[in-house]
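Colleague: Next up is a structure, given as structure tokens.
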Amino acid sequence: MPLIAAASHDPETRRRLEDEPMTPEREQGSVARAEEQWRSGTGAPFVIADAGDDRALGLVNLQFDEAATLAVSVFPEERGRGVASRALRLAATWGLLELGLRRVVAEAAADNSASIRTIEKAGFRREGLRDDQVRFCLLPEDVDLQ
Ligand SMILES: CC(C)(COP(=O)(O)OP(=O)(O)OC[C@H]1O[C@@H](n2cnc3c(N)ncnc32)[C@H](O)[C@@H]1OP(=O)(O)O)[C@@H](O)C(=O)NCCC(=O)NCCS
């Protein structure tokens, strides 16, 4: 939780995900909100963990609104080595193969080239532009069925 709280003050994360910086009270609320999303089935929030030493690297969240939509953030010191693209791919594959979703969506602001490249590198198809958001999707046939 200290790492998540520290990352919530990162200007780029705040700008892109419109998150409020954490206070001790909001930290408690954030755990409760994550638990509630799992319980109610409105979302599947994950902490991205390093496969080697299990340390937290960032957050990836699959939200179930009118579409199943992924959002990702990587802690500033962990960026630039493929964490976000791999996490997006893994979370989308879980949704398509384990949950049986027919499509998983990811969106990025048209001026967020880091996010656009990350989503493309995860293998998503570009669908189009809506309200300055580039919309991408991944379908079951795009992921390995083995
Ligand atoms: C966008 C973000 C998730 C990328 O995380 P990351 O782990 O560094 O991304 P990856 O290492 O998987 O990079 C994937 C691709 O994006 C490119 N990329 C990453 N950051 C970039 C940047 N700032 N500018 C341009 N390209 C960038 C990488 O070079 C890589 O492409 P390549 O292999 O062709 O070189 C991270 O910068 C972040 O958390 N930003 C703040 C929150 C945010 O914008 N989230 C996305 C909203 S949906």
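Chain labels A, B, ... are given in the sequence in which chains occur in the structure tokens; within each chain residues are numbered consecutively from 1, and ligands are likewise numbered from 1 in the order shown.
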Which chains and residue numbers are within 8 Å of ligand 1, counting only C-alpha atoms and all ligand atoms, if I want them as a PyMOL selection string?
Modeller: chain A and resi 12-17+58+70-76+78-86+106-109+112-122
Colleague: What residues in chain A get the DSSP label alpha helix (DSSP H)? Please answer as number ranges by chain.
Modeller: A: 2-7, 11-17, 24-40, 83-93, 113-121
Colleague: Using only C-alpha atoms, determine which residues lie at most 8 Å from range 91-105 of chain A, disregarding the query and same-chain residues fewer than 4 positions distant; provide the list as a list in words.
Modeller: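 Once the nearby chain positions are removed, what remains is Val60, Leu62, Ala67, Ala68, Thr69, Leu70, Ala87, Arg135, Phe136, Cys137, Leu138, Leu139, Pro140, Val143 and Leu145 of chain A.
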Colleague: For each of A:His9, A:Arg89, A:Met1, A:Arg26, take the minimum atom-to-atom distance to Leu57 in chain A, counting only C-alpha atoms, then give the residue where this is smallest.
Modeller: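 Between A:His9, A:Arg89, A:Met1, A:Arg26, the residue approaching Leu57 in chain A most closely is A:Met1.
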Colleague: Go ahead and compute the interatomic distance for CA of Ala6 in chain A and CA of Trp38 in chain A, in Å to one decimal.
Modeller: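 Rounded to one decimal, the two atoms are 23.6 Å apart.
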